[in-house]
Amino acid sequence: MKNDYAIVILAAGKGKRMHSPLPKPLNIVAGKAILAHIVTTVKDISPAQIIIVYSGDLSLYKAYITDSDVTWVEQQQQLGTAHAVAAALPYINASQSLVLCGDTPLVPSCELIRLLEQSKNSVGLITATPENPFGFGRIIRNKNNNLSAITEEKDASDAEKKIKEISTGIITAPTKFLTQALKLIKNNNNQGEYYLPAIIPLWLQHNAKVVTVAATDPMTVLGINNFVELAKLENYYQLQIANKLMIKGVRITKPESFNCHGTINADAGVKIANNVTIKGIVTLKAGCEIEANCILEDATIEENAIIKASSIVIGSLISKNAQIGPFAYVRANCNIKKDAKLGAFVEAKNTTLGDGSKANHLSYLGDAEIGTGVNIGAGTITCNYDGKTKHKTKIEDNAFIGSGTELIAPLTINKGSYIGAGSCITNDTPAEKLTIARSRQVVIDKWSEK
Ligand code: UD1
Ligand code: MG
């Protein structure tokens with residue numbers, strides 16, 4: 001069931017401090033746009049509406065946010081956070097509104113629920129006390145320790161700048177009050193902007209207090225305004241993911257070098273060495289080992305398989321006990337079966353390598369269906385492309401392909417075929433026979449260069 005609150009995400013600012021060609025909320029944290037992180041989080045709390053205030057080219061935003069249940073509202077001029085909320089007001093039809101800044105990617109949904117529960121029909125906000133409060137609105141409290149105002153960095157006195165408690169910009173208010181208050185806000189401050197926090201004194205004129213909820217972990221609620229802050233947040237987030245994996249029994253040799261830009265499902269007993277990057281959805285089964293500098297994207301690595309150093313595996317399945325790399329490139333729809341080996345400097349695409357088969361060195365295997373117990377010699381190339389169409393190479397069980405062989409597809413190497421090294425094979429080869437396709441070596445006497 002949807003709850004009676006509207007989420008308003010402010011994502012229209014120019015992001016001047018970011019100096020980024022993209023709108024700030026579209027920059028990437030952990031493989032996903034900041035704004036996309038926020039949309040995923042707010043969906044968790046089933047709001048009645050999600051409204052995003054944007055500016056400029058909407059298609060740019062829609063490239064990152066594909067949800068159809070988002071309402072997009074344009075803020076034509078960027079006159080401040082209150083002005084941005086005012087743009088969204090005509091579209092809000094829930095009685096309570098929750099405003100989030102589009103530069104705060106890691107805010108957990110439980111903090112939003114806590115805020116909403118504690119500030120029903122009231123104004124409330126999430127505060128934090130980070131190590132360095134620079135740049136944030138400071139929380140001003142009265143002698144009863146109740147919040148009386150928020151002062152922006154650029155308007156703060158020296159004494160106010162020393163205050164460590166800050167506003168996260170995550171503010172909730174009854175929509176009816178918001179509608180009245182936003183009309184009254186002035187832009188007489190050092191930035192000449194209409195500030196959303198200026199609703200606070202207006203609320204306090206008629207109500208006892210503003211609810212403040214202190215964030216459990218300040219790092220998760222900090223807005224980022226430049227790439228230094230983004231990098232810090234990214235590191236922090238990556239370490240959190242690594243920690244969760246390690247607690248579950250995954251051995252990560254150097255957690256601070258672990259990069260997850262997608263979703264990882266890893267069993268206890270998995271080993272991950274330094275500087276491994278995860279993208280898309282990656283599943284790692286018990287006992288598998290990922291050596292240093294590997295990139296895995298939309299891949300499943302089964303039990304006890306080893307991905308040796310500096311290998312890339314994309315969109316593929318690596319089955320039990322298989323070995324990949326070092327320096328292998330397995331891309332797009334490969335199925336490397338049990339006990340198979342795809343070794344150093346081997347590239348494979350759209351290829352099945354059967355149980356126990358081996359391509360140990362320097363090969364290209366494209367659009368190939370390779371049976372069990374096959375040996376592919378060093379430097380073998382499936383010539384799968386004729387300039388227009390891709391063709392298939394079928395290599396049946398127990399075939400032996402000598403080193404330096406070119407297999408011109410479409411082609412079938414029948415069961416147990418034995419191909420002499422250096423062959424250029426253009427026709428299907430018979431089962432259990434030796435086929436050699438290379439010119440004979442000749443020695444020419446009395447040869448001279450001239
Ligand atoms: C804002 C808050 C500050 C808080 C901080 C938390 C105000 C005035 N200040 O400051 O109290 O401590 O967030 O991170 O609210 N935006 C628009 N339209 C505009 C201006 C901004 O959509 O006209 C959007 C921006 O894209 C951004 C968000 O609002 O996602 C916040 O704007 P930003 O400029 O980052 O505000 P801060 O200075 O960080
Ligand atoms: Mg900000």
# chains A, B, ... in the order shown; residues from 1 in each chain; ligands from 1

call {"tool": "residues_near_ligand", "arguments": {"ligand": "ligand 2", "cutoff": "6 Å", "atoms": "only C-alpha atoms and all ligand atoms", "output": "list of chain:residue names"}}
result
A:Asp103, A:Gly223, A:Ile224, A:Asn225

call {"tool": "closest_atom_pairs", "arguments": {"of": "stretch 31-105 of chain A", "to": "stretch 247-261 of chain A", "cutoff": "12 Å", "atoms": "only C-alpha atoms", "output": "CSV"}}
result
residue,atom,partner,partner_atom,distance
A:Gly31,CA,A:His261,CA,4.0
A:Lys32,CA,A:His261,CA,7.2
A:Ala33,CA,A:His261,CA,10.7
A:His37,CA,A:His261,CA,11.9

call {"tool": "write_last_selection", "arguments": {"atoms": "N, CA, C and O atoms", "output": "PDB file, in the first residue's frame"}}
result
ATOM      1  N   GLY A  31      28.839   2.748  -9.736  1.00  0.00           N
ATOM      2  CA  GLY A  31      28.260   2.244 -10.980  1.00  0.00           C
ATOM      3  C   GLY A  31      26.841   2.707 -11.263  1.00  0.00           C
ATOM      4  O   GLY A  31      26.223   2.245 -12.226  1.00  0.00           O
ATOM      5  N   LYS A  32      26.328   3.624 -10.463  1.00  0.00           N
ATOM      6  CA  LYS A  32      24.928   4.016 -10.620  1.00  0.00           C
ATOM      7  C   LYS A  32      24.806   5.510 -10.366  1.00  0.00           C
ATOM      8  O   LYS A  32      25.457   6.039  -9.457  1.00  0.00           O
ATOM      9  N   ALA A  33      23.959   6.201 -11.156  1.00  0.00           N
ATOM     10  CA  ALA A  33      23.817   7.647 -10.969  1.00  0.00           C
ATOM     11  C   ALA A  33      23.306   7.940  -9.558  1.00  0.00           C
ATOM     12  O   ALA A  33      22.506   7.194  -9.006  1.00  0.00           O
ATOM     13  N   HIS A  37      20.336   6.054  -7.288  1.00  0.00           N
ATOM     14  CA  HIS A  37      20.428   5.513  -5.921  1.00  0.00           C
ATOM     15  C   HIS A  37      19.247   6.021  -5.098  1.00  0.00           C
ATOM     16  O   HIS A  37      18.603   5.264  -4.378  1.00  0.00           O
TER      17      HIS A  37
END

call {"tool": "residues_near_ligand", "arguments": {"ligand": "ligand 1", "cutoff": "6 Å", "atoms": "only C-alpha atoms and all ligand atoms", "output": "ChimeraX atom specification"}}
result
/A:10-13,53,78-81,84,101-103,136-137,152,166-169,195-197,222-223,225

call {"tool": "residues_around", "arguments": {"residues": "stretch 91-99 of chain A", "least_positions_apart": "5", "cutoff": "7 Å", "atoms": "only C-alpha atoms", "output": "CSV table (one decimal) with all heavy atoms, in the first residue's frame"}}
result
chain,number,residue,atom,x,y,z
A,4,ASP,N,0.8,8.0,2.6
A,4,ASP,CA,0.3,9.4,2.2
A,4,ASP,C,1.4,10.4,2.3
A,4,ASP,O,1.3,11.4,3.0
A,4,ASP,CB,-0.9,9.7,3.1
A,4,ASP,CG,-1.5,11.0,2.6
A,4,ASP,OD1,-1.4,11.4,1.4
A,4,ASP,OD2,-2.1,11.7,3.5
A,5,TYR,N,2.5,10.2,1.6
A,5,TYR,CA,3.5,11.2,1.5
A,5,TYR,C,4.1,11.2,0.1
A,5,TYR,O,4.2,10.2,-0.6
A,5,TYR,CB,4.6,11.2,2.6
A,5,TYR,CG,5.1,9.8,3.0
A,5,TYR,CD1,5.9,9.1,2.1
A,5,TYR,CD2,4.8,9.2,4.2
A,5,TYR,CE1,6.4,7.8,2.4
A,5,TYR,CE2,5.2,8.0,4.5
A,5,TYR,CZ,6.0,7.3,3.7
A,5,TYR,OH,6.5,6.0,4.0
A,6,ALA,N,4.5,12.5,-0.3
A,6,ALA,CA,5.1,12.7,-1.6
A,6,ALA,C,6.6,12.9,-1.4
A,6,ALA,O,7.0,13.6,-0.5
A,6,ALA,CB,4.5,13.9,-2.3
A,7,ILE,N,7.4,12.3,-2.2
A,7,ILE,CA,8.8,12.5,-2.2
A,7,ILE,C,9.2,13.5,-3.3
A,7,ILE,O,8.7,13.4,-4.4
A,7,ILE,CB,9.6,11.2,-2.5
A,7,ILE,CG1,9.2,10.1,-1.6
A,7,ILE,CG2,11.1,11.5,-2.6
A,7,ILE,CD1,9.8,10.2,-0.2
A,8,VAL,N,9.9,14.5,-2.9
A,8,VAL,CA,10.3,15.5,-3.9
A,8,VAL,C,11.9,15.5,-3.9
A,8,VAL,O,12.5,15.8,-2.9
A,8,VAL,CB,9.8,16.9,-3.5
A,8,VAL,CG1,10.3,18.0,-4.6
A,8,VAL,CG2,8.3,17.0,-3.4
A,9,ILE,N,12.4,15.2,-5.0
A,9,ILE,CA,13.9,15.1,-5.1
A,9,ILE,C,14.4,16.3,-5.9
A,9,ILE,O,13.9,16.5,-7.1
A,9,ILE,CB,14.4,13.8,-5.8
A,9,ILE,CG1,13.8,12.6,-5.1
A,9,ILE,CG2,15.9,13.7,-5.8
A,9,ILE,CD1,14.0,11.2,-5.8
A,48,ALA,N,3.4,7.8,-2.0
A,48,ALA,CA,2.3,8.0,-2.9
A,48,ALA,C,2.9,8.5,-4.2
A,48,ALA,O,2.3,8.2,-5.3
A,48,ALA,CB,1.3,9.0,-2.3
A,121,ASN,N,2.6,15.1,10.4
A,121,ASN,CA,1.9,16.4,10.5
A,121,ASN,C,2.8,17.5,11.0
A,121,ASN,O,2.3,18.5,11.6
A,121,ASN,CB,0.6,16.4,11.3
A,121,ASN,CG,-0.3,15.3,10.8
A,121,ASN,OD1,-0.5,15.1,9.6
A,121,ASN,ND2,-0.9,14.5,11.7
A,170,ILE,N,17.5,17.0,4.1
A,170,ILE,CA,16.3,16.0,4.0
A,170,ILE,C,15.3,16.6,5.0
A,170,ILE,O,15.4,16.5,6.2
A,170,ILE,CB,16.8,14.6,4.4
A,170,ILE,CG1,17.9,14.2,3.4
A,170,ILE,CG2,15.6,13.7,4.3
A,170,ILE,CD1,18.6,12.9,3.8
A,171,ILE,N,14.2,17.2,4.4
A,171,ILE,CA,13.3,17.9,5.2
A,171,ILE,C,11.9,17.5,4.9
A,171,ILE,O,11.5,17.3,3.7
A,171,ILE,CB,13.4,19.5,5.0
A,171,ILE,CG1,14.8,19.9,5.3
A,171,ILE,CG2,12.3,20.3,5.7
A,171,ILE,CD1,15.1,21.4,5.1
A,172,THR,N,11.1,17.3,5.9
A,172,THR,CA,9.7,16.9,5.7
A,172,THR,C,8.7,18.0,6.3
A,172,THR,O,9.1,18.6,7.3
A,172,THR,CB,9.3,15.5,6.3
A,172,THR,OG1,7.9,15.2,6.0
A,172,THR,CG2,9.5,15.4,7.8
A,173,ALA,N,7.6,18.2,5.7
A,173,ALA,CA,6.7,19.2,6.1
A,173,ALA,C,5.3,18.9,5.6
A,173,ALA,O,5.1,18.2,4.6
A,173,ALA,CB,7.1,20.6,5.6
A,174,PRO,N,4.2,19.3,6.4
A,174,PRO,CA,2.9,19.1,5.8
A,174,PRO,C,2.7,19.9,4.6
A,174,PRO,O,3.2,21.1,4.5
A,174,PRO,CB,2.0,19.7,7.0
A,174,PRO,CG,2.8,19.7,8.2
A,174,PRO,CD,4.2,19.9,7.7
A,175,THR,N,2.2,19.3,3.5
A,175,THR,CA,2.1,20.0,2.2
A,175,THR,C,1.4,21.3,2.3
A,175,THR,O,1.8,22.3,1.7
A,175,THR,CB,1.5,19.1,1.2
A,175,THR,OG1,2.1,17.8,1.3
A,175,THR,CG2,1.6,19.6,-0.2

call {"tool": "closest_residue", "arguments": {"among": "A:Val29, A:Ala88, A:Ile376, A:Ala36", "to": "A:Ile52", "atoms": "only C-alpha atoms"}}
result
A:Ala88

call {"tool": "atom_distance", "arguments": {"atom1": "atom CA of A:Leu115", "atom2": "atom CA of A:Ile200"}}
result
15.8 Å

call {"tool": "closest_residue", "arguments": {"among": "A:Ile318, A:Ala208, A:Ala368, A:Ile199", "to": "A:Ala82", "atoms": "only C-alpha atoms"}}
result
A:Ile199

call {"tool": "residues_around", "arguments": {"residues": "A:Pro218", "least_positions_apart": "2", "cutoff": "8 Å", "atoms": "only C-alpha atoms", "output": "list in words"}}
result
Ala128, Thr129, Pro130, Ala215, Thr216, Thr220, Val221 and Leu222 of chain A

call {"tool": "write_last_selection", "arguments": {"atoms": "all heavy atoms", "output": "mmCIF file, in the first residue's frame"}}
result
data_model
loop_
_atom_site.group_PDB
_atom_site.id
_atom_site.type_symbol
_atom_site.label_atom_id
_atom_site.label_comp_id
_atom_site.auth_asym_id
_atom_site.auth_seq_id
_atom_site.Cartn_x
_atom_site.Cartn_y
_atom_site.Cartn_z
ATOM 1 N N ALA A 128 23.074 15.735 11.044
ATOM 2 C CA ALA A 128 24.262 14.879 11.183
ATOM 3 C C ALA A 128 25.375 15.699 11.800
ATOM 4 O O ALA A 128 25.331 16.939 11.780
ATOM 5 C CB ALA A 128 24.691 14.356 9.813
ATOM 6 N N THR A 129 26.353 15.013 12.334
ATOM 7 C CA THR A 129 27.515 15.719 12.896
ATOM 8 C C THR A 129 28.765 15.118 12.258
ATOM 9 O O THR A 129 29.421 14.255 12.841
ATOM 10 C CB THR A 129 27.526 15.571 14.436
ATOM 11 O OG1 THR A 129 26.220 15.911 14.919
ATOM 12 C CG2 THR A 129 28.527 16.500 15.094
ATOM 13 N N PRO A 130 29.065 15.556 11.030
ATOM 14 C CA PRO A 130 30.247 14.989 10.356
ATOM 15 C C PRO A 130 31.526 15.603 10.925
ATOM 16 O O PRO A 130 31.473 16.627 11.617
ATOM 17 C CB PRO A 130 30.046 15.422 8.899
ATOM 18 C CG PRO A 130 29.238 16.668 8.985
ATOM 19 C CD PRO A 130 28.395 16.575 10.222
ATOM 20 N N ALA A 215 21.195 11.422 12.209
ATOM 21 C CA ALA A 215 21.549 10.247 11.389
ATOM 22 C C ALA A 215 22.450 9.310 12.185
ATOM 23 O O ALA A 215 23.359 9.766 12.890
ATOM 24 C CB ALA A 215 22.262 10.693 10.133
ATOM 25 N N THR A 216 22.212 8.025 12.067
ATOM 26 C CA THR A 216 23.022 7.039 12.786
ATOM 27 C C THR A 216 24.463 7.077 12.263
ATOM 28 O O THR A 216 25.413 7.009 13.018
ATOM 29 C CB THR A 216 22.442 5.619 12.550
ATOM 30 O OG1 THR A 216 21.027 5.715 12.614
ATOM 31 C CG2 THR A 216 22.940 4.627 13.553
ATOM 32 N N THR A 220 26.420 8.506 5.502
ATOM 33 C CA THR A 220 25.375 8.065 4.572
ATOM 34 C C THR A 220 24.420 9.182 4.170
ATOM 35 O O THR A 220 23.644 9.020 3.233
ATOM 36 C CB THR A 220 24.537 6.915 5.183
ATOM 37 O OG1 THR A 220 23.944 7.397 6.389
ATOM 38 C CG2 THR A 220 25.375 5.703 5.464
ATOM 39 N N VAL A 221 24.473 10.290 4.892
ATOM 40 C CA VAL A 221 23.483 11.341 4.605
ATOM 41 C C VAL A 221 24.123 12.626 4.079
ATOM 42 O O VAL A 221 23.455 13.652 3.971
ATOM 43 C CB VAL A 221 22.639 11.662 5.866
ATOM 44 C CG1 VAL A 221 21.699 10.517 6.188
ATOM 45 C CG2 VAL A 221 23.520 11.990 7.062
ATOM 46 N N LEU A 222 25.404 12.561 3.755
ATOM 47 C CA LEU A 222 26.076 13.782 3.298
ATOM 48 C C LEU A 222 25.871 14.006 1.801
ATOM 49 O O LEU A 222 26.037 13.094 0.996
ATOM 50 C CB LEU A 222 27.576 13.712 3.603
ATOM 51 C CG LEU A 222 27.941 13.664 5.089
ATOM 52 C CD1 LEU A 222 29.447 13.771 5.259
ATOM 53 C CD2 LEU A 222 27.242 14.766 5.885
#

call {"tool": "select_by_dssp", "arguments": {"residues": "stretch 136-261 of chain A", "states": "strand (DSSP E)", "output": "list of chain:residue names"}}
result
A:Arg138, A:Ile139, A:Ile140, A:Arg141, A:Leu147, A:Ser148, A:Ala149, A:Ile150, A:Thr151, A:Ile166, A:Ser167, A:Thr168, A:Gly169, A:Ile170, A:Ile171, A:Thr172, A:Ala173, A:Pro174, A:Val211, A:Thr212, A:Val213, A:Ala214, A:Arg251, A:Ile252, A:Asn259, A:Cys260, A:His261

call {"tool": "write_last_selection", "arguments": {"atoms": "N, CA, C and O atoms", "output": "short mmCIF file (atom, residue, chain, number, x, y, z; two decimals), in the first residue's frame"}}
result
data_model
loop_
_atom_site.label_atom_id
_atom_site.label_comp_id
_atom_site.auth_asym_id
_atom_site.auth_seq_id
_atom_site.Cartn_x
_atom_site.Cartn_y
_atom_site.Cartn_z
N ARG A 138 24.26 25.02 9.01
CA ARG A 138 24.47 24.66 10.42
C ARG A 138 23.15 24.73 11.18
O ARG A 138 22.30 25.59 10.92
N ILE A 139 23.01 23.81 12.14
CA ILE A 139 21.82 23.76 12.98
C ILE A 139 21.99 24.73 14.14
O ILE A 139 22.95 24.62 14.92
N ILE A 140 21.09 25.70 14.21
CA ILE A 140 21.12 26.66 15.32
C ILE A 140 20.06 26.23 16.34
O ILE A 140 18.90 26.04 15.97
N ARG A 141 20.51 26.01 17.57
CA ARG A 141 19.57 25.57 18.63
C ARG A 141 19.41 26.66 19.68
O ARG A 141 20.35 27.40 19.95
N LEU A 147 15.74 23.23 17.82
CA LEU A 147 16.22 23.88 16.60
C LEU A 147 15.46 25.17 16.37
O LEU A 147 14.22 25.20 16.44
N SER A 148 16.20 26.25 16.10
CA SER A 148 15.50 27.52 15.84
C SER A 148 15.72 27.98 14.40
O SER A 148 14.88 28.67 13.84
N ALA A 149 16.83 27.59 13.79
CA ALA A 149 17.07 27.99 12.39
C ALA A 149 18.20 27.16 11.80
O ALA A 149 18.92 26.45 12.52
N ILE A 150 18.33 27.27 10.48
CA ILE A 150 19.50 26.68 9.80
C ILE A 150 20.21 27.84 9.11
O ILE A 150 19.57 28.63 8.41
N THR A 151 21.50 27.95 9.34
CA THR A 151 22.26 29.02 8.68
C THR A 151 23.21 28.41 7.67
O THR A 151 24.00 27.51 8.00
N ILE A 166 24.91 19.67 11.43
CA ILE A 166 24.48 20.23 10.14
C ILE A 166 23.11 19.68 9.72
O ILE A 166 22.66 18.66 10.22
N SER A 167 22.52 20.38 8.75
CA SER A 167 21.30 19.87 8.13
C SER A 167 21.69 19.05 6.92
O SER A 167 22.55 19.45 6.14
N THR A 168 21.05 17.92 6.76
CA THR A 168 21.32 17.07 5.59
C THR A 168 20.52 17.53 4.38
O THR A 168 20.67 16.97 3.30
N GLY A 169 19.62 18.50 4.59
CA GLY A 169 18.76 18.95 3.50
C GLY A 169 17.57 18.03 3.30
O GLY A 169 16.75 18.25 2.41
N ILE A 170 17.47 16.99 4.11
CA ILE A 170 16.33 16.05 4.02
C ILE A 170 15.28 16.56 4.99
O ILE A 170 15.43 16.46 6.22
N ILE A 171 14.24 17.19 4.43
CA ILE A 171 13.27 17.94 5.25
C ILE A 171 11.85 17.47 4.91
O ILE A 171 11.51 17.33 3.73
N THR A 172 11.05 17.25 5.93
CA THR A 172 9.66 16.91 5.69
C THR A 172 8.74 17.99 6.29
O THR A 172 9.11 18.62 7.28
N ALA A 173 7.61 18.18 5.66
CA ALA A 173 6.66 19.21 6.14
C ALA A 173 5.26 18.86 5.63
O ALA A 173 5.12 18.23 4.57
N PRO A 174 4.22 19.28 6.38
CA PRO A 174 2.87 19.11 5.84
C PRO A 174 2.74 19.93 4.56
O PRO A 174 3.19 21.09 4.51
N VAL A 211 11.00 18.78 14.52
CA VAL A 211 11.56 17.48 14.91
C VAL A 211 12.93 17.32 14.24
O VAL A 211 13.05 17.55 13.03
N THR A 212 13.92 16.95 15.01
CA THR A 212 15.21 16.63 14.37
C THR A 212 15.57 15.17 14.66
O THR A 212 15.42 14.71 15.79
N VAL A 213 16.02 14.51 13.64
CA VAL A 213 16.42 13.11 13.78
C VAL A 213 17.89 13.04 13.41
O VAL A 213 18.27 13.41 12.29
N ALA A 214 18.71 12.61 14.34
CA ALA A 214 20.16 12.55 14.06
C ALA A 214 20.49 11.27 13.31
O ALA A 214 20.07 10.18 13.70
N ARG A 251 36.77 -13.96 1.67
CA ARG A 251 38.11 -13.44 2.00
C ARG A 251 38.48 -12.39 0.96
O ARG A 251 38.66 -12.72 -0.23
N ILE A 252 38.57 -11.15 1.39
CA ILE A 252 39.01 -10.09 0.46
C ILE A 252 40.37 -9.62 0.95
O ILE A 252 40.50 -9.10 2.06
N ASN A 259 36.18 -2.99 -5.71
CA ASN A 259 35.23 -2.08 -6.37
C ASN A 259 33.98 -2.83 -6.76
O ASN A 259 34.05 -3.73 -7.59
N CYS A 260 32.85 -2.43 -6.22
CA CYS A 260 31.60 -3.06 -6.66
C CYS A 260 30.73 -2.00 -7.31
O CYS A 260 30.28 -1.07 -6.66
N HIS A 261 30.54 -2.13 -8.62
CA HIS A 261 29.72 -1.17 -9.35
C HIS A 261 28.41 -1.81 -9.78
O HIS A 261 27.81 -1.42 -10.77
#

call {"tool": "closest_residue", "arguments": {"among": "A:Val330, A:Val70, A:Ala242, A:Val270", "to": "A:Leu296", "atoms": "only C-alpha atoms"}}
result
A:Val330

call {"tool": "residues_around", "arguments": {"residues": "A:Lys320", "least_positions_apart": "5", "cutoff": "12 Å", "atoms": "only C-alpha atoms", "output": "list in words"}}
result
Leu284, Lys285, Ala286, Gly287, Cys288, Glu289, Thr300, Ile301, Glu302, Glu303, Asn304, Ala305, Ile306, Ile307, Asn335, Ile336, Lys337, Lys338, Asp339, Ala340, Lys341, Gly354, Asp355 and Gly356 of chain A

call {"tool": "closest_residue", "arguments": {"among": "A:Ile425, A:Ala309, A:Ile50, A:Ala437", "to": "A:Asp69", "atoms": "only C-alpha atoms"}}
result
A:Ile50

call {"tool": "residues_around", "arguments": {"residues": "A:Gln191", "least_positions_apart": "3", "cutoff": "9 Å", "atoms": "only C-alpha atoms", "output": "ChimeraX atom specification"}}
result
/A:80,154-155,187-188,194

call {"tool": "write_last_selection", "arguments": {"atoms": "N, CA, C and O atoms", "output": "PDB file, in the first residue's frame"}}
result
ATOM      1  N   GLY A  80      17.133  28.529  -6.147  1.00  0.00           N
ATOM      2  CA  GLY A  80      17.301  28.028  -4.790  1.00  0.00           C
ATOM      3  C   GLY A  80      16.397  26.845  -4.488  1.00  0.00           C
ATOM      4  O   GLY A  80      15.495  26.508  -5.256  1.00  0.00           O
ATOM      5  N   LYS A 154      27.527  30.177   3.713  1.00  0.00           N
ATOM      6  CA  LYS A 154      27.871  31.501   3.166  1.00  0.00           C
ATOM      7  C   LYS A 154      27.244  32.639   3.957  1.00  0.00           C
ATOM      8  O   LYS A 154      27.618  33.806   3.768  1.00  0.00           O
ATOM      9  N   ASP A 155      26.276  32.343   4.818  1.00  0.00           N
ATOM     10  CA  ASP A 155      25.643  33.389   5.627  1.00  0.00           C
ATOM     11  C   ASP A 155      26.073  33.309   7.083  1.00  0.00           C
ATOM     12  O   ASP A 155      25.657  34.141   7.894  1.00  0.00           O
ATOM     13  N   ASN A 187      14.639  36.124  -0.667  1.00  0.00           N
ATOM     14  CA  ASN A 187      15.999  35.704  -1.045  1.00  0.00           C
ATOM     15  C   ASN A 187      17.054  36.696  -0.569  1.00  0.00           C
ATOM     16  O   ASN A 187      18.080  36.893  -1.215  1.00  0.00           O
ATOM     17  N   ASN A 188      16.775  37.322   0.592  1.00  0.00           N
ATOM     18  CA  ASN A 188      17.724  38.318   1.103  1.00  0.00           C
ATOM     19  C   ASN A 188      18.831  37.653   1.922  1.00  0.00           C
ATOM     20  O   ASN A 188      18.896  37.769   3.135  1.00  0.00           O
ATOM     21  N   TYR A 194      16.412  31.472  -2.811  1.00  0.00           N
ATOM     22  CA  TYR A 194      15.285  31.127  -1.944  1.00  0.00           C
ATOM     23  C   TYR A 194      15.629  29.806  -1.274  1.00  0.00           C
ATOM     24  O   TYR A 194      15.716  28.770  -1.939  1.00  0.00           O
TER      25      TYR A 194
END

call {"tool": "residues_around", "arguments": {"residues": "A:Leu353", "least_positions_apart": "2", "cutoff": "12 Å", "atoms": "only C-alpha atoms", "output": "count of residues only"}}
result
46

call {"tool": "select_by_dssp", "arguments": {"residues": "stretch 225-331 of chain A", "states": "alpha helix (DSSP H)", "output": "MDAnalysis selection string"}}
result
chainID A and resid 227:247

call {"tool": "atom_distance", "arguments": {"atom1": "atom CA of A:Pro410", "atom2": "atom CA of A:Thr380"}}
result
15.5 Å

call {"tool": "atom_distance", "arguments": {"atom1": "atom CA of A:Gln75", "atom2": "atom CA of A:Asp57"}}
result
11.4 Å
